[in-house]
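Structure file coords_29.txt; described as compact mmCIF, C-alpha atoms and all ligand atoms.
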```txt
# COMPACT_ATOMS: atom_id res chain seq x y z
CA MET A 290 -64.09 46.93 -56.26
CA ASN A 291 -62.80 50.06 -54.71
CA TYR A 292 -59.51 49.49 -52.84
CA ASP A 293 -58.71 53.17 -52.07
CA TYR A 294 -57.58 52.64 -48.49
CA ILE A 295 -55.53 49.53 -49.19
CA LYS A 296 -53.88 51.37 -52.05
CA LYS A 297 -52.83 54.17 -49.72
CA GLN A 298 -51.51 52.02 -46.89
CA ASP A 299 -50.43 48.64 -48.29
CA GLU A 300 -49.09 48.61 -51.81
CA GLU A 301 -48.09 44.93 -51.81
CA ILE A 302 -51.56 43.67 -50.94
CA PHE A 303 -53.15 46.24 -53.24
CA ASN A 304 -51.11 44.96 -56.16
CA ALA A 305 -52.01 41.34 -55.38
CA LEU A 306 -55.73 42.16 -55.19
CA VAL A 307 -55.71 44.09 -58.43
CA GLY A 308 -53.76 41.27 -60.04
CA GLU A 309 -56.25 38.67 -58.85
CA GLU A 310 -59.19 40.76 -60.06
CA ALA A 311 -57.61 40.97 -63.50
CA ARG A 312 -56.81 37.24 -63.50
CA GLU A 313 -60.39 36.35 -62.66
CA VAL A 314 -61.86 38.32 -65.54
CA ARG A 315 -59.15 37.76 -68.16
CA GLY A 316 -59.45 33.99 -68.39
CA LEU A 317 -62.13 31.32 -68.23
CA GLU A 318 -62.77 29.83 -64.80
CA LEU A 319 -63.71 26.19 -65.05
CA ILE A 320 -62.89 24.93 -61.56
CA PRO A 321 -66.33 23.53 -60.66
CA SER A 322 -66.13 24.63 -57.02
CA GLU A 323 -65.42 28.28 -57.86
CA ASN A 324 -67.73 31.11 -58.81
CA TYR A 325 -68.09 34.90 -58.88
CA VAL A 326 -70.17 36.44 -56.09
CA SER A 327 -72.22 39.61 -56.44
CA ARG A 328 -71.00 42.99 -55.32
CA ALA A 329 -73.68 42.89 -52.60
CA VAL A 330 -72.20 39.67 -51.18
CA ARG A 331 -68.73 41.22 -51.23
CA GLU A 332 -69.97 44.37 -49.48
CA ALA A 333 -71.55 42.30 -46.69
CA ASN A 334 -68.38 40.21 -46.41
CA GLY A 335 -66.27 43.35 -46.06
CA SER A 336 -68.69 45.08 -43.67
CA VAL A 337 -68.38 46.37 -40.08
CA LEU A 338 -69.68 43.05 -38.78
CA THR A 339 -66.11 41.81 -38.95
CA ASN A 340 -65.64 43.87 -35.77
CA LYS A 341 -68.16 41.99 -33.68
CA TYR A 342 -67.93 39.01 -31.33
CA SER A 343 -71.20 37.04 -31.10
CA GLU A 344 -70.56 33.73 -29.33
CA GLY A 345 -73.83 31.88 -28.92
CA TYR A 346 -76.95 32.01 -31.05
CA PRO A 347 -79.59 34.72 -31.69
CA GLY A 348 -81.20 35.73 -28.39
CA LYS A 349 -78.62 33.74 -26.36
CA ARG A 350 -75.22 35.39 -26.71
CA TYR A 351 -72.30 35.73 -24.35
CA TYR A 352 -71.53 39.36 -25.24
CA GLY A 353 -73.68 42.51 -25.39
CA GLY A 354 -74.43 44.67 -28.41
CA GLN A 355 -76.12 41.97 -30.47
CA GLU A 356 -79.18 43.86 -31.72
CA TYR A 357 -77.96 43.82 -35.34
CA THR A 358 -76.06 40.54 -35.38
CA ASP A 359 -79.20 38.76 -34.18
CA ILE A 360 -81.19 40.26 -37.05
CA VAL A 361 -78.55 39.20 -39.57
CA GLU A 362 -78.18 35.64 -38.30
CA MET A 363 -81.96 35.11 -38.01
CA ILE A 364 -82.44 36.27 -41.61
CA ALA A 365 -79.67 33.93 -42.79
CA ILE A 366 -81.28 31.02 -40.92
CA GLU A 367 -84.79 31.72 -42.20
CA ARG A 368 -83.63 32.06 -45.79
CA ALA A 369 -81.56 28.87 -45.58
CA LYS A 370 -84.57 26.94 -44.23
CA LYS A 371 -86.76 28.25 -47.02
CA LEU A 372 -84.20 27.48 -49.72
CA PHE A 373 -83.70 23.86 -48.69
CA ASN A 374 -87.11 23.11 -47.17
CA CYS A 375 -86.02 22.12 -43.67
CA LYS A 376 -86.75 23.03 -40.05
CA PHE A 377 -83.30 23.92 -38.68
CA ALA A 378 -80.19 25.64 -40.01
CA ASN A 379 -76.87 26.42 -38.38
CA VAL A 380 -75.12 29.08 -40.47
CA GLN A 381 -72.03 29.45 -38.26
CA PRO A 382 -69.61 26.78 -39.62
CA LEU A 383 -66.57 28.51 -41.02
CA SER A 384 -66.46 26.34 -44.14
CA GLY A 385 -67.34 22.91 -45.51
CA ALA A 386 -64.64 20.96 -43.67
CA PRO A 387 -65.52 22.40 -40.23
CA ALA A 388 -69.20 21.76 -41.01
CA ASN A 389 -68.46 18.10 -41.67
CA VAL A 390 -66.29 17.79 -38.56
CA ALA A 391 -69.06 19.33 -36.43
CA MET A 392 -71.62 16.97 -37.97
CA TYR A 393 -69.45 13.91 -37.18
CA PHE A 394 -68.90 14.98 -33.57
CA ALA A 395 -72.58 15.82 -33.09
CA LEU A 396 -73.85 12.45 -34.32
CA MET A 397 -71.10 10.04 -33.22
CA GLU A 398 -68.74 8.99 -30.45
CA PRO A 399 -65.03 8.40 -31.16
CA GLY A 400 -64.55 4.99 -32.78
CA ASP A 401 -67.97 5.01 -34.49
CA THR A 402 -68.24 4.18 -38.17
CA VAL A 403 -69.14 6.28 -41.23
CA LEU A 404 -70.03 4.67 -44.54
CA GLY A 405 -69.08 7.11 -47.30
CA MET A 406 -68.15 7.33 -50.96
CA ASP A 407 -64.71 5.96 -51.89
CA LEU A 408 -62.36 8.91 -52.26
CA SER A 409 -61.12 8.00 -55.74
CA HIS A 410 -64.75 7.55 -56.83
CA GLY A 411 -65.60 11.15 -55.99
CA GLY A 412 -65.67 11.41 -52.19
CA HIS A 413 -63.97 14.25 -50.34
CA LEU A 414 -60.98 14.61 -48.00
CA THR A 415 -63.36 15.25 -45.10
CA HIS A 416 -65.05 11.93 -45.81
CA GLY A 417 -62.16 10.26 -44.02
CA HIS A 418 -58.99 10.61 -46.07
CA PRO A 419 -56.11 8.82 -44.29
CA THR A 420 -54.23 12.12 -43.88
CA THR A 421 -57.04 13.78 -41.87
CA TRP A 422 -57.42 13.84 -38.08
CA ILE A 423 -61.03 12.70 -38.25
CA ASN A 424 -59.75 9.50 -39.83
CA LYS A 425 -57.87 8.83 -36.57
CA ILE A 426 -61.00 9.47 -34.52
CA PHE A 427 -63.71 7.70 -36.52
CA ASN A 428 -63.76 4.54 -38.62
CA PHE A 429 -64.48 5.15 -42.31
CA VAL A 430 -65.72 2.40 -44.61
CA ARG A 431 -66.53 2.79 -48.30
CA TYR A 432 -68.94 2.25 -51.10
CA LYS A 433 -68.08 2.74 -54.79
CA MET A 434 -69.60 3.07 -58.22
CA LYS A 435 -70.80 -0.23 -59.63
CA ASP A 436 -69.89 0.86 -63.12
CA THR A 437 -67.54 3.78 -63.80
CA GLU A 438 -69.02 4.13 -67.30
CA THR A 439 -72.54 4.90 -66.01
CA GLY A 440 -71.63 6.24 -62.57
CA GLU A 441 -74.28 4.10 -60.91
CA ILE A 442 -73.52 3.47 -57.25
CA ASP A 443 -73.26 -0.15 -56.18
CA TYR A 444 -76.24 -0.06 -53.82
CA ASP A 445 -76.11 -3.83 -53.19
CA ALA A 446 -72.52 -3.57 -51.99
CA LEU A 447 -73.42 -0.45 -50.01
CA ARG A 448 -76.15 -2.42 -48.20
CA GLU A 449 -73.83 -5.35 -47.58
CA VAL A 450 -71.17 -3.10 -46.01
CA ALA A 451 -73.84 -1.32 -43.98
CA LEU A 452 -75.21 -4.59 -42.58
CA ARG A 453 -71.70 -5.78 -41.74
CA GLU A 454 -70.17 -2.56 -40.36
CA LYS A 455 -73.24 -1.03 -38.67
CA PRO A 456 -72.30 2.60 -39.44
CA LYS A 457 -73.71 5.43 -37.34
CA ILE A 458 -73.79 7.63 -40.45
CA ILE A 459 -74.35 6.82 -44.10
CA LEU A 460 -72.90 9.72 -46.05
CA ALA A 461 -73.97 10.66 -49.56
CA GLY A 462 -72.05 13.36 -51.33
CA PHE A 463 -68.96 14.06 -53.32
CA SER A 464 -66.60 16.60 -54.76
CA ALA A 465 -65.85 14.82 -58.04
CA TYR A 466 -68.92 12.86 -59.05
CA SER A 467 -71.19 13.90 -61.88
CA ARG A 468 -74.36 11.83 -61.50
CA GLU A 469 -77.55 12.10 -59.42
CA LEU A 470 -77.79 9.78 -56.43
CA ASP A 471 -80.70 7.54 -55.52
CA TYR A 472 -81.35 9.19 -52.15
CA ALA A 473 -84.36 6.97 -51.42
CA LYS A 474 -82.08 3.92 -51.57
CA PHE A 475 -79.67 5.50 -49.07
CA VAL A 476 -82.55 6.19 -46.68
CA GLU A 477 -83.94 2.66 -47.06
CA ILE A 478 -80.56 1.08 -46.21
CA ALA A 479 -79.87 3.54 -43.36
CA ARG A 480 -83.24 2.78 -41.77
CA GLU A 481 -82.51 -0.95 -42.01
CA VAL A 482 -79.28 -0.54 -40.01
CA GLY A 483 -80.33 2.37 -37.79
CA ALA A 484 -77.89 4.91 -39.26
CA TYR A 485 -78.30 8.64 -39.75
CA THR A 486 -78.42 9.81 -43.36
CA VAL A 487 -76.23 12.80 -44.14
CA ALA A 488 -75.72 14.45 -47.54
CA ASP A 489 -72.66 16.58 -48.16
CA MET A 490 -74.06 18.68 -50.97
CA ALA A 491 -71.31 21.31 -51.06
CA HIS A 492 -70.92 21.05 -54.81
CA ILE A 493 -74.57 21.01 -55.78
CA ALA A 494 -76.20 23.24 -53.15
CA GLY A 495 -76.97 25.88 -55.77
CA LEU A 496 -78.50 23.29 -58.07
CA ILE A 497 -80.75 22.05 -55.26
CA ALA A 498 -81.66 25.60 -54.24
CA GLY A 499 -82.43 26.38 -57.89
CA GLY A 500 -84.68 23.32 -58.15
CA VAL A 501 -82.66 21.51 -60.83
CA ALA A 502 -81.14 18.77 -58.64
CA LYS A 503 -82.92 16.49 -56.19
CA ASN A 504 -83.14 17.66 -52.59
CA PRO A 505 -82.03 14.82 -50.24
CA PHE A 506 -84.53 16.12 -47.65
CA ASP A 507 -87.39 15.22 -50.00
CA TYR A 508 -86.29 11.60 -49.61
CA GLY A 509 -86.03 11.68 -45.82
CA PHE A 510 -82.35 12.53 -45.24
CA ASP A 511 -81.67 13.67 -41.68
CA VAL A 512 -78.89 16.21 -42.21
CA ILE A 513 -77.24 18.17 -45.01
CA THR A 514 -73.83 19.80 -44.77
CA THR A 515 -72.66 22.27 -47.37
CA THR A 516 -70.41 25.11 -48.26
CA THR A 517 -72.08 28.40 -49.12
CA HIS A 518 -69.76 29.22 -52.01
CA LYS A 519 -69.49 27.03 -55.15
CA THR A 520 -72.82 26.72 -57.03
CA LEU A 521 -74.71 28.52 -54.24
CA ARG A 522 -72.69 31.62 -55.15
CA GLY A 523 -72.24 32.98 -51.63
CA PRO A 524 -69.20 33.85 -49.52
CA ARG A 525 -66.70 31.17 -48.50
CA GLY A 526 -68.40 29.48 -45.58
CA GLY A 527 -70.31 26.43 -44.37
CA MET A 528 -73.74 25.48 -43.06
CA ILE A 529 -75.49 22.49 -41.49
CA LEU A 530 -79.18 21.85 -42.15
CA VAL A 531 -81.48 19.49 -40.27
CA ARG A 532 -84.70 18.27 -41.89
CA GLU A 533 -86.92 18.02 -38.83
CA SER A 534 -85.36 16.53 -35.70
CA GLU A 535 -85.00 19.11 -32.95
CA GLU A 536 -82.85 16.66 -31.03
CA ILE A 537 -80.33 16.48 -33.89
CA ALA A 538 -80.46 20.25 -34.37
CA LYS A 539 -79.64 20.82 -30.69
CA LYS A 540 -76.68 18.42 -30.89
CA ILE A 541 -75.41 20.22 -34.01
CA ASN A 542 -75.73 23.65 -32.39
CA LYS A 543 -73.90 22.56 -29.23
CA THR A 544 -71.13 20.97 -31.28
CA VAL A 545 -70.56 23.99 -33.54
CA PHE A 546 -70.52 26.32 -30.52
CA PRO A 547 -69.07 25.87 -27.94
CA GLY A 548 -67.88 22.42 -29.04
CA LEU A 549 -65.61 23.43 -31.88
CA GLN A 550 -65.78 27.12 -32.73
CA GLY A 551 -65.65 30.44 -30.92
CA GLY A 552 -67.19 33.62 -32.26
CA PRO A 553 -68.98 33.19 -35.57
CA HIS A 554 -67.78 35.35 -38.45
CA MET A 555 -70.78 37.66 -38.55
CA ASN A 556 -69.60 39.52 -41.66
CA VAL A 557 -69.63 36.19 -43.52
CA ILE A 558 -73.03 35.30 -42.08
CA ALA A 559 -74.36 38.63 -43.41
CA ALA A 560 -72.90 37.73 -46.81
CA LYS A 561 -74.52 34.30 -46.59
CA ALA A 562 -77.87 35.98 -45.89
CA VAL A 563 -77.46 38.23 -48.94
CA ALA A 564 -76.49 35.27 -51.16
CA PHE A 565 -79.43 33.21 -49.88
CA GLY A 566 -81.70 36.16 -50.72
CA GLU A 567 -80.32 36.09 -54.27
CA ALA A 568 -80.79 32.31 -54.45
CA LEU A 569 -84.48 32.73 -53.59
CA THR A 570 -85.11 34.83 -56.71
CA PRO A 571 -86.51 33.46 -60.01
CA ALA A 572 -83.29 34.64 -61.69
CA PHE A 573 -81.34 32.12 -59.64
CA LYS A 574 -83.55 29.28 -60.86
CA GLU A 575 -82.71 30.31 -64.43
CA TYR A 576 -79.04 30.45 -63.49
CA ALA A 577 -79.11 26.93 -62.02
CA ALA A 578 -80.91 25.53 -65.06
CA GLN A 579 -78.37 27.16 -67.38
CA ILE A 580 -75.45 25.63 -65.43
CA LEU A 581 -76.83 22.21 -66.35
CA LYS A 582 -77.48 23.11 -70.00
CA ASN A 583 -73.93 24.40 -70.33
CA ALA A 584 -72.49 21.25 -68.73
CA LYS A 585 -74.54 19.12 -71.13
CA ALA A 586 -73.19 21.15 -74.06
CA MET A 587 -69.63 20.44 -72.92
CA GLU A 588 -70.47 16.78 -72.36
CA ALA A 589 -71.71 16.52 -75.96
CA VAL A 590 -68.38 17.76 -77.32
CA PHE A 591 -66.33 15.40 -75.16
CA HIS A 592 -68.60 12.57 -76.20
CA LEU A 593 -68.30 13.44 -79.89
CA GLU A 594 -64.53 13.64 -79.62
CA GLY A 595 -64.36 10.23 -77.95
CA ILE A 596 -62.95 11.42 -74.65
CA ARG A 597 -63.85 9.20 -71.74
CA MET A 598 -65.90 10.85 -69.02
CA LEU A 599 -66.24 9.14 -65.66
CA GLY A 600 -69.85 8.16 -65.17
CA GLY A 601 -70.30 8.49 -68.93
CA GLY A 602 -71.17 12.20 -68.70
CA THR A 603 -72.91 14.51 -66.28
CA ASP A 604 -76.21 15.24 -64.55
CA ASN A 605 -74.82 18.23 -62.69
CA HIS A 606 -72.35 21.09 -63.11
CA LEU A 607 -69.12 19.08 -63.48
CA ILE A 608 -67.33 16.66 -65.75
CA LEU A 609 -64.44 14.39 -64.83
CA ALA A 610 -62.55 13.42 -67.98
CA ASP A 611 -59.91 10.72 -68.32
CA VAL A 612 -57.52 12.72 -70.49
CA TYR A 613 -54.63 10.34 -69.91
CA GLY A 614 -56.62 7.31 -71.04
CA SER A 615 -58.13 9.10 -74.04
CA LEU A 616 -55.38 11.47 -75.19
CA GLY A 617 -52.21 10.33 -73.43
CA VAL A 618 -52.00 13.72 -71.69
CA THR A 619 -51.69 13.55 -67.89
CA GLY A 620 -53.94 15.57 -65.60
CA GLN A 621 -51.03 17.81 -64.61
CA GLU A 622 -49.99 18.39 -68.23
CA ALA A 623 -53.57 19.22 -69.12
CA GLU A 624 -53.95 21.65 -66.20
CA THR A 625 -50.71 23.40 -67.13
CA VAL A 626 -51.28 23.71 -70.87
CA LEU A 627 -54.87 24.90 -70.41
CA ASP A 628 -53.67 27.45 -67.88
CA GLU A 629 -51.26 28.74 -70.54
CA ILE A 630 -54.17 29.58 -72.83
CA GLY A 631 -56.28 31.14 -70.03
CA ILE A 632 -58.49 28.22 -68.99
CA THR A 633 -58.33 27.31 -65.30
CA LEU A 634 -59.38 23.85 -64.12
CA ASN A 635 -57.90 21.16 -61.91
CA LYS A 636 -56.19 17.85 -62.36
CA ASN A 637 -58.11 15.10 -60.61
CA MET A 638 -57.82 11.44 -59.75
CA ILE A 639 -60.23 9.16 -61.53
CA ALA A 640 -61.91 6.05 -60.13
CA ASP A 641 -59.35 3.37 -59.26
CA GLU A 642 -56.55 5.71 -60.31
CA THR A 643 -53.31 4.09 -61.42
CA ARG A 644 -51.21 7.28 -61.45
CA SER A 645 -50.28 9.59 -58.54
CA ALA A 646 -52.47 12.26 -56.90
CA MET A 647 -49.99 14.92 -58.04
CA ASP A 648 -50.13 13.78 -61.66
CA PRO A 649 -53.32 11.79 -62.08
CA SER A 650 -55.18 10.69 -65.21
CA GLY A 651 -58.07 13.12 -65.04
CA ILE A 652 -59.20 16.70 -65.19
CA ARG A 653 -62.25 18.08 -63.43
CA PHE A 654 -64.09 21.08 -64.79
CA GLY A 655 -67.51 22.68 -64.61
CA THR A 656 -69.83 25.48 -65.63
CA PRO A 657 -70.95 27.52 -62.55
CA ALA A 658 -68.56 30.44 -63.11
CA LEU A 659 -68.99 30.59 -66.91
CA THR A 660 -72.74 30.62 -66.41
CA THR A 661 -72.51 33.50 -63.92
CA ARG A 662 -70.84 35.41 -66.78
CA LYS A 663 -73.97 34.71 -68.84
CA MET A 664 -72.30 32.29 -71.22
CA MET A 665 -74.77 29.92 -72.86
CA GLU A 666 -74.59 26.57 -74.68
CA GLY A 667 -72.86 28.11 -77.73
CA GLU A 668 -69.97 29.39 -75.64
CA ALA A 669 -69.80 26.21 -73.53
CA THR A 670 -69.56 24.14 -76.71
CA ARG A 671 -66.77 26.27 -78.13
CA ILE A 672 -64.86 26.22 -74.83
CA ALA A 673 -64.99 22.41 -74.77
CA GLU A 674 -63.70 22.36 -78.36
CA ILE A 675 -60.90 24.78 -77.45
CA MET A 676 -59.92 22.57 -74.52
CA ILE A 677 -59.66 19.46 -76.65
CA GLU A 678 -57.86 21.28 -79.48
CA THR A 679 -55.34 22.56 -76.94
CA LEU A 680 -54.74 19.14 -75.43
CA ARG A 681 -54.32 17.59 -78.87
CA ASN A 682 -51.81 20.30 -79.85
CA LYS A 683 -50.11 20.87 -76.55
CA ASP A 684 -46.67 21.39 -78.13
CA ASP A 685 -47.81 23.56 -81.03
CA GLU A 686 -46.99 27.11 -79.88
CA ALA A 687 -48.63 28.87 -82.85
CA LYS A 688 -51.86 26.96 -82.38
CA LYS A 689 -51.86 27.66 -78.64
CA LYS A 690 -51.30 31.38 -79.28
CA ALA A 691 -54.36 31.50 -81.52
CA LEU A 692 -56.45 29.63 -78.96
CA ARG A 693 -55.24 31.91 -76.15
CA GLU A 694 -56.33 34.94 -78.20
CA GLU A 695 -59.73 33.37 -78.76
CA VAL A 696 -60.11 32.75 -75.01
CA GLU A 697 -59.22 36.39 -74.31
CA VAL A 698 -61.78 37.69 -76.78
CA LEU A 699 -64.45 35.41 -75.32
CA SER A 700 -63.62 36.52 -71.77
CA GLN A 701 -63.82 40.18 -72.72
CA LYS A 702 -67.20 39.65 -74.34
CA PHE A 703 -68.62 38.28 -71.07
CA PRO A 704 -67.66 40.56 -68.17
CA VAL A 705 -68.38 39.42 -64.62
CA PRO A 706 -71.75 40.96 -63.59
CA GLU A 707 -71.88 43.05 -60.41
CA SER A 708 -75.46 42.17 -59.56
CA PHE A 709 -77.73 39.19 -60.16
CA VAL A 710 -81.09 40.59 -59.08
N1 LIG B 801 -61.85 22.10 -52.68
C1 LIG B 801 -63.22 21.80 -52.98
C2 LIG B 801 -63.41 21.35 -54.39
O1 LIG B 801 -62.75 21.89 -55.23
O2 LIG B 801 -64.21 20.47 -54.65
C3 LIG B 801 -63.82 20.83 -52.04
O3 LIG B 801 -63.41 21.07 -50.77
```
Any chance you could put this one into structure tokens?
Ligand code: DSN
Amino acid sequence: MNYDYIKKQDEEIFNALVGEEAREVRGLELIPSENYVSRAVREANGSVLTNKYSEGYPGKRYYGGQEYTDIVEMIAIERAKKLFNCKFANVQPLSGAPANVAMYFALMEPGDTVLGMDLSHGGHLTHGHPTTWINKIFNFVRYKMKDTETGEIDYDALREVALREKPKIILAGFSAYSRELDYAKFVEIAREVGAYTVADMAHIAGLIAGGVAKNPFDYGFDVITTTTHKTLRGPRGGMILVRESEEIAKKINKTVFPGLQGGPHMNVIAAKAVAFGEALTPAFKEYAAQILKNAKAMEAVFHLEGIRMLGGGTDNHLILADVYGSLGVTGQEAETVLDEIGITLNKNMIADETRSAMDPSGIRFGTPALTTRKMMEGEATRIAEIMIETLRNKDDEAKKKALREEVEVLSQKFPVPESFV
């Protein structure tokens, strides 16, 4: 990107931006929630719309001068609805966490109960972690996997808890879970107890949009919350989708604004619109399909090498591997040593973790960013082999040097594309 003005007026920030740009292309990005956006998305994100206040919604704003913001937000909404096959979209949430908070406040009263995925089994902080404020406002109860080797959810236990706790919301979704969910089962149980069904699909939104993961709306889910980055490959931001209930959509809109937020970030909404336009192209479908093929290629290597994967493998873009159990290397050690050779991923707790959150047993990695760089199964396979070789030889400096050089060569061979259409 061109940073001419920053270069002239702010050397410190200029140097940091140039450094980050080099870091992003020099190594291999395996954090499953990260990606590279197109130049068009970055242009929209950095556009003049950052100057504009637009409290309200298209056609009903509290400030004048909205002729262009209304166009931008309407396009974002229409594209989102088309992508996910639903009747209503609110594209104003600032990110995934605010989207979830807005959804909770729209559908519940303080003290009401949410039934969500256990956090160590793949749920997310915003699904009621004890350190969050929403955990003080709402009551969170949990379901888990029945079998951590297959990843199957314990739907019988889920139903039992639902009948006992009478949740207002049954929440499906995760940030560290690698299998498909049985959405029809969630809907069946929710209808039995009169709960709303909400899917937090932040991680897999791009897979759903690309038609390679199930869409919870096809099974009758009421609401979907998501980020617009990650697999969807848009700017950092959030969104709330409603399948068909106007009543729910109105509650969501009122809660996002004026309930929780002020002026929407219209530059980000423009970038969302551009990213959604990209996601509607046939090229994006190919991209989504390749994410899965690449993840399967990595799964095959981990399987062959006898490294335990939670859920036994993956149906989506990510793998959670128990490196401590299989190799005696902690999650933190693995993150650090892989970073040294140019592979970025994150340490992660595994189901029923026995170690600490700061140095857990697992690592979490995925293929969205590699796939954006046009890497295919051959590269994904070799990267998985490099990872395991590194972990097995974490104290062998000569070996690590050779692997770091290989990572650099691979990275140079696959530059980050500027455009996806
Ligand atoms: N931080 C995101 C992730 O990495 O999954 C979720 O919020």
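Neighbours of ligand LIG 801 (chain B) at a cut-off of 10 Å, computed so that all atoms listed in the file are counted, are the residues Ile320, Pro321, Ser322, Glu323, Ser384, Gly385, Ala386, Gly411, Gly412, His413, Leu414, Thr415, Phe463, Ser464, Ala465, Tyr466, Ala491, His492, Thr515, Thr516, His518, Lys519, Leu634, Asn635, Asn637, Arg653 and Phe654 of chain A.
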Excluding Asp641 (chain A) and its own-chain neighbours fewer than 4 positions away, which residues fall within 10 Å of it when counting only C-alpha atoms? Please give them as a CSV table (one decimal) with C-alpha atoms, in the coordinates of the input.
```
chain,number,residue,atom,x,y,z
A,407,ASP,CA,-64.7,6.0,-51.9
A,408,LEU,CA,-62.4,8.9,-52.3
A,409,SER,CA,-61.1,8.0,-55.7
A,410,HIS,CA,-64.8,7.6,-56.8
A,433,LYS,CA,-68.1,2.7,-54.8
A,437,THR,CA,-67.5,3.8,-63.8
```
Hey, what's within 10 Å of Ala646 (chain A) if we count all atoms listed in the file and toss same-chain stuff fewer than 5 positions away? As a PyMOL selection string, please? chain A and resi 409+620-621+636-639+651
So which residues touch Ile596 (chain A) within 6 Å, counting only C-alpha atoms, skipping near sequence neighbours fewer than 4 positions away, as a PyMOL selection string? chain A and resi 591-592+615
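Ranking A:Arg671, A:Lys689, A:Arg597, A:Arg681 by their shortest atom-to-atom distance to Ile652 (chain A), with only C-alpha atoms included, puts A:Arg597 first.
For the pair CA of Ala577 (chain A) and CA of Val361 (chain A), the interatomic distance is 25.6 Å.
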Name all residues at most 12 Å from Asp684 (chain A) (count only C-alpha atoms; drop same-chain ones fewer than 5 positions away) and give them as a ChimeraX atom specification. /A:618,622-623,625-627,629,678-679,689-690
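In terms of minimum interatomic distance to Val326 (chain A), A:Ser708 ranks closest within A:Thr603, A:Ser708, A:Asn379, A:Asn556, counting only C-alpha atoms.
Taking CA of Glu454 (chain A) and CA of Ala479 (chain A) as the two end points, the separation is 11.8 Å.
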Nearest to Lys341 (chain A), chosen from A:Thr421, A:Asn324, A:Ala395, A:Gly552, with all atoms listed in the file counted in the distances: A:Gly552
